[in-house]
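Scroll down for the structure; my scribbles are underneath it.
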Amino acid sequence: MRACFAAVVKSAISALEEFDDGFVRATEPELLAYHYQEAGDFSAALAHWIAAGDVSEERSANAEAVAHYRSARALTEDADRSAADRVRAAEVLLKLGNAQWQTAGYQAKEVMQSYRAARETALALDQQDEAAEAEIRIAAGVGFSCRNREVLELGNNILRRGPDRLRPETLVHIWLQIGAGHCHMGDFEQSLAFSEKAIELDNRVNCRHKAPGSGADPAIVARDPAEMALRPLGRLDRALAISEQGMAIALDRGHLFSVVWASVSRVLALTSFGRYAEAVDCADEALAICERHGFDTRIGNVLQHRGPALFELGDEERGLADIERGVILWREGSGTFLLTRNLAKLAEYQLRAHRLEEARANLHVAERLADTTDEKMHLAEIIRLRGRLWQAEGNYDHARLCFERAIACSREQSARLFELNAGRDLARHDGEAGDTTEALATLRGIVDWFPASLDVPVLAECRARLL
């Protein structure tokens, strides 16, 4: 009787199936998976549960994707299943971890549990590529704890075992992760070099979101640290161009989690060029996607970058509220990851709003994190902002020392934009004291490095001061 039922099921659903690029495609693969499982064809059920997860993830229904991948995982863990089914266990665990990442956030316990289980399973099956993929994603979790030296070591260990055994997609992920690690440590030149390697290889192999990095399309993820490195390096035109490139790719491919990721880079780049209204529009669209598809962990990231654009447009109260709420949401979902940058940005706008006590408290936490973790990307900015706080409190000697230290730190990191910010603040400081000769000479030397054609607000302000 069961054999007869299975035959009927297979006959009924065969017309609904097709295969595209190795992926099962069907109108409702989860229904097919259920009926195959009921009919006892567990191999077909497994393929369709995976397909159901892929389809759900592609349309950003991540809670559904998690449920479907869990059903697939249960089949791979059944000792009675065929070896061909059980060999897909690591693949399923990696997909499950990716879907969990998009909804539960970087610090969620279940995400790292899935990736650790994927690594152990892959190693037991001698699946070196899947093991490397799991290690890369574990390294990302380590990076979210601001242990960036460990991230670099994990990435280099994988490469030392033999990159020739790895798929090109896995190499993209390794270079992407190493690039991000260097960026967070403030080594912007190295970050850019690895990010560009990841972009170049991804352009050839076309990973897309089927081979995701940090839950998103590697084409977008790799351009994020590239933009984050290019901006401090002072290569603002390239930062803007690469953010536009990432946004265009994300929109063309339509993977919504990747669209939100690209939007954050785009908002930052647009804001640096003074294109505040465009930045707000971009952020608004990203927030709508997050709210519609349950990307709760990304809402804080978008808000804290929309806030500065609103502030610059004159809506200071709403802008500051966005940054504050964004930092709170980010901290809840991502812990200390990038918290030095985010708290520094919050403190900067609190200073501009003359909320000194709040700025002091947030800057203190940012300083402590910069001292005790590998998160050094905004170290020069934190030192500069301490100078701004000293200046606001009337301690001009301490303020000047901080501005000089910020310039020195920026030069160590080749962070020309941060050097420009500190040089501007030093010139302002000395202008208030009535002795601008030395500070203006320092500022002129910094400004002259930038192309004369580059037109961004901070440069316009500095050039006006030099007239």
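Following the order of the structure tokens, first chain is A, next is B, and so on, with residues numbered from 1 inside each chain and ligands from 1 in the order they appear.
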
Practice problem: Tell me which protein, DNA and RNA residues are within 12 Å of region 368-372 of chain A, counting only C-alpha atoms, leaving out same-chain ones fewer than 6 positions away, and put them as a PyMOL selection string. | Solution: chain A and resi 145-147+184-186+335-344+361-362+378-383

Quiz prompt | Who sits within 8 Å of Thr170 (chain A), only C-alpha atoms, same chain under 3 positions skipped, as a list in words | solution =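 Returned residues: Asp129, Ala132, Glu133, Leu166, Arg167, His173 and Ile174 of chain A.
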
Quiz item: In region 176-387 of chain A, what's alpha helix (DSSP H) per DSSP? Answer as an NGL selection string?
Solution: :A and (176-184 or 188-205 or 218-230 or 236-253 or 256-272 or 276-293 or 296-312 or 316-334 or 339-352 or 356-372 or 379-387)

Self-check item: Contact residues around Ala392 (chain A) with only C-alpha atoms at 9 Å, ignoring same-chain residues under 4 positions, as a ChimeraX atom specification
Solution: /A:351,354,356,387-388,396,399

Please dump the current selection as a PDB file, in the first residue's frame; keep N, CA and C atoms.
```
ATOM      1  N   LEU A 351      28.201  66.043  21.109  1.00  0.00           N
ATOM      2  CA  LEU A 351      29.033  67.231  21.301  1.00  0.00           C
ATOM      3  C   LEU A 351      28.501  68.406  20.491  1.00  0.00           C
ATOM      4  N   HIS A 354      25.728  70.006  22.094  1.00  0.00           N
ATOM      5  CA  HIS A 354      26.073  70.546  23.418  1.00  0.00           C
ATOM      6  C   HIS A 354      25.554  69.663  24.557  1.00  0.00           C
ATOM      7  N   LEU A 356      27.122  67.513  26.668  1.00  0.00           N
ATOM      8  CA  LEU A 356      28.487  67.130  27.030  1.00  0.00           C
ATOM      9  C   LEU A 356      28.540  65.906  27.921  1.00  0.00           C
ATOM     10  N   GLY A 387      39.723  65.466  22.315  1.00  0.00           N
ATOM     11  CA  GLY A 387      40.188  66.847  22.230  1.00  0.00           C
ATOM     12  C   GLY A 387      39.037  67.821  22.125  1.00  0.00           C
ATOM     13  N   ARG A 388      38.018  67.471  21.325  1.00  0.00           N
ATOM     14  CA  ARG A 388      36.845  68.339  21.209  1.00  0.00           C
ATOM     15  C   ARG A 388      36.154  68.507  22.562  1.00  0.00           C
ATOM     16  N   TYR A 396      42.230  73.864  27.120  1.00  0.00           N
ATOM     17  CA  TYR A 396      42.771  74.034  25.768  1.00  0.00           C
ATOM     18  C   TYR A 396      44.108  73.325  25.561  1.00  0.00           C
ATOM     19  N   ALA A 399      43.313  69.752  24.952  1.00  0.00           N
ATOM     20  CA  ALA A 399      42.646  69.634  23.653  1.00  0.00           C
ATOM     21  C   ALA A 399      43.667  69.646  22.524  1.00  0.00           C
TER      22      ALA A 399
END
```

Quiz prompt | Long-range neighbours of region 413-418 of chain A as a list in words, 6 Å cut-off, only C-alpha atoms, 4 positions minimum in chain | solution =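 My list of contacting residues is Pro232, Leu233 and Gly234 of chain A.
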
Practice problem: Please identify all polymer residues within 9 Å of region 319-324 of chain A, counting only C-alpha atoms, omitting same-chain residues fewer than 4 positions from it, and present them as a list in words. | Solution: Gly300, Leu303, Gln304, His305, Arg306, Gly307, Pro308, Ala309, Leu310, Phe311, Glu312, Leu313, Gly314, Asp315, Ile328, Leu329, Asn342, Leu343, Lys345, Leu346, Tyr349, Gln350 and Ala353 of chain A

Keeping only N, CA and C atoms, write the selected residues as a compact mmCIF listing (two decimals), in the first residue's frame.
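Output contents, as saved in result.txt:
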```
# COMPACT_ATOMS: atom_id res chain seq x y z
N GLY A 300 19.09 48.77 13.46
CA GLY A 300 19.97 49.66 14.21
C GLY A 300 21.10 50.21 13.37
N LEU A 303 19.64 52.94 11.07
CA LEU A 303 19.24 54.13 11.82
C LEU A 303 20.44 54.99 12.21
N GLN A 304 21.51 54.35 12.69
CA GLN A 304 22.63 55.15 13.19
C GLN A 304 23.40 55.81 12.06
N HIS A 305 23.15 55.40 10.82
CA HIS A 305 23.77 56.08 9.68
C HIS A 305 22.82 57.07 9.01
N ARG A 306 21.51 56.85 9.20
CA ARG A 306 20.57 57.86 8.72
C ARG A 306 20.64 59.10 9.60
N GLY A 307 20.88 58.91 10.89
CA GLY A 307 20.88 60.01 11.84
C GLY A 307 21.79 61.17 11.47
N PRO A 308 23.07 60.93 11.14
CA PRO A 308 23.94 62.05 10.77
C PRO A 308 23.44 62.83 9.56
N ALA A 309 22.87 62.14 8.57
CA ALA A 309 22.35 62.84 7.40
C ALA A 309 21.18 63.74 7.79
N LEU A 310 20.29 63.25 8.65
CA LEU A 310 19.18 64.07 9.12
C LEU A 310 19.70 65.28 9.90
N PHE A 311 20.69 65.05 10.76
CA PHE A 311 21.28 66.12 11.56
C PHE A 311 21.84 67.21 10.65
N GLU A 312 22.57 66.79 9.61
CA GLU A 312 23.18 67.76 8.70
C GLU A 312 22.13 68.52 7.90
N LEU A 313 20.96 67.92 7.71
CA LEU A 313 19.88 68.60 7.00
C LEU A 313 19.14 69.59 7.89
N GLY A 314 19.53 69.66 9.16
CA GLY A 314 18.92 70.61 10.08
C GLY A 314 17.93 70.00 11.05
N ASP A 315 17.59 68.72 10.87
CA ASP A 315 16.67 68.04 11.78
C ASP A 315 17.50 67.39 12.89
N ILE A 328 21.71 51.66 20.35
CA ILE A 328 21.09 50.74 21.32
C ILE A 328 20.72 49.42 20.64
N LEU A 329 20.05 49.50 19.49
CA LEU A 329 19.64 48.29 18.78
C LEU A 329 20.85 47.50 18.30
N ASN A 342 30.66 53.27 16.47
CA ASN A 342 29.29 53.75 16.64
C ASN A 342 29.16 54.71 17.82
N LEU A 343 29.83 54.40 18.93
CA LEU A 343 29.79 55.29 20.09
C LEU A 343 30.53 56.59 19.82
N LYS A 345 30.75 58.05 16.89
CA LYS A 345 29.85 58.86 16.06
C LYS A 345 28.74 59.48 16.90
N LEU A 346 28.18 58.71 17.82
CA LEU A 346 27.15 59.24 18.71
C LEU A 346 27.71 60.38 19.56
N TYR A 349 28.08 63.73 17.59
CA TYR A 349 26.86 64.52 17.38
C TYR A 349 26.26 65.00 18.70
N GLN A 350 26.51 64.30 19.78
CA GLN A 350 26.11 64.83 21.09
C GLN A 350 26.93 66.06 21.45
N ALA A 353 25.56 68.90 19.65
CA ALA A 353 24.28 69.33 20.23
C ALA A 353 24.46 69.87 21.66
```

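The protein and nucleic acid residues lying at most 12 Å from Glu291 (chain A) are Ser60, Thr103, Leu256, Phe257, Val260, Asp284, Glu285, Ala286, Leu287, Ala288, Ile289, His293, Gly294, Phe295, Asp296, Thr297, Arg298, Ile299, Gly300 and Val302 of chain A, with only C-alpha atoms considered and sequence neighbours fewer than 2 positions away removed.
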
Quiz prompt | Near-region 116-124 of chain A list (9 Å; only C-alpha atoms; drop same-chain fewer than 2 positions) as an MDAnalysis selection string | solution = chainID A and resid 87 89:94 97 111:114 126:135 138

Prev. selection, N, CA and C atoms, output as a compact mmCIF listing (two decimals), in the first residue's frame:
```
# COMPACT_ATOMS: atom_id res chain seq x y z
N VAL A 87 26.00 12.72 3.70
CA VAL A 87 27.17 13.49 3.28
C VAL A 87 26.82 14.96 3.05
N ALA A 89 25.22 16.79 5.19
CA ALA A 89 24.95 17.39 6.50
C ALA A 89 25.65 18.73 6.68
N ALA A 90 26.93 18.81 6.31
CA ALA A 90 27.67 20.07 6.50
C ALA A 90 27.09 21.17 5.63
N GLU A 91 26.74 20.83 4.40
CA GLU A 91 26.12 21.80 3.49
C GLU A 91 24.84 22.37 4.11
N VAL A 92 24.01 21.48 4.67
CA VAL A 92 22.75 21.93 5.27
C VAL A 92 23.00 22.81 6.48
N LEU A 93 23.96 22.44 7.30
CA LEU A 93 24.27 23.23 8.50
C LEU A 93 24.78 24.62 8.13
N LEU A 94 25.58 24.72 7.08
CA LEU A 94 26.05 26.03 6.64
C LEU A 94 24.88 26.89 6.16
N GLY A 97 22.91 28.00 9.28
CA GLY A 97 23.59 29.09 9.99
C GLY A 97 23.43 30.41 9.27
N VAL A 111 23.57 30.53 15.84
CA VAL A 111 24.34 30.70 14.61
C VAL A 111 25.68 30.01 14.73
N MET A 112 26.40 30.30 15.80
CA MET A 112 27.71 29.68 15.99
C MET A 112 27.60 28.18 16.23
N GLN A 113 26.52 27.74 16.86
CA GLN A 113 26.32 26.30 17.05
C GLN A 113 26.20 25.60 15.70
N SER A 114 25.46 26.19 14.78
CA SER A 114 25.31 25.60 13.45
C SER A 114 26.64 25.54 12.72
N ASP A 126 35.90 14.38 5.87
CA ASP A 126 37.03 14.84 5.06
C ASP A 126 36.57 15.78 3.94
N GLN A 127 35.64 16.65 4.26
CA GLN A 127 35.17 17.67 3.32
C GLN A 127 35.90 18.97 3.64
N GLN A 128 37.09 19.11 3.07
CA GLN A 128 37.95 20.22 3.43
C GLN A 128 37.35 21.58 3.08
N ASP A 129 36.64 21.63 1.97
CA ASP A 129 36.08 22.90 1.56
C ASP A 129 34.97 23.34 2.51
N GLU A 130 34.06 22.41 2.86
CA GLU A 130 32.98 22.75 3.78
C GLU A 130 33.54 23.10 5.16
N ALA A 131 34.60 22.38 5.56
CA ALA A 131 35.23 22.70 6.86
C ALA A 131 35.81 24.11 6.85
N ALA A 132 36.45 24.46 5.73
CA ALA A 132 37.01 25.81 5.61
C ALA A 132 35.91 26.86 5.64
N GLU A 133 34.81 26.60 4.95
CA GLU A 133 33.69 27.55 4.95
C GLU A 133 33.17 27.76 6.38
N ALA A 134 33.03 26.65 7.11
CA ALA A 134 32.53 26.77 8.49
C ALA A 134 33.52 27.56 9.35
N GLU A 135 34.81 27.33 9.16
CA GLU A 135 35.83 28.05 9.93
C GLU A 135 35.82 29.54 9.61
N ILE A 138 32.94 30.95 11.47
CA ILE A 138 33.29 31.03 12.89
C ILE A 138 34.22 32.21 13.12
```

Practice problem: To one decimal in Å, tell me the separation between CA of Val55 (chain A) and CA of Ala140 (chain A). | Solution: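 Between CA of Val55 (chain A) and CA of Ala140 (chain A) the gap works out to 25.0 Å.
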
Self-check item: A:His35, A:Arg204, A:Arg384, A:Arg59 ranked by distance to Ile407 (chain A), top pick (using only C-alpha atoms)
Solution: A:Arg384

Quiz prompt | Distance of CA of Leu385 (chain A) from CA of Ala464 (chain A), expressed in Å to one decimal place | solution =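 Straight-line distance from CA of Ala464 (chain A) to CA of Leu385 (chain A) works out to 22.0 Å.
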
Self-check item: d(CA of Glu169 (chain A), CA of Cys207 (chain A)) in Å
Solution: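 CA of Cys207 (chain A) lies at a distance of 6.0 Å from CA of Glu169 (chain A).
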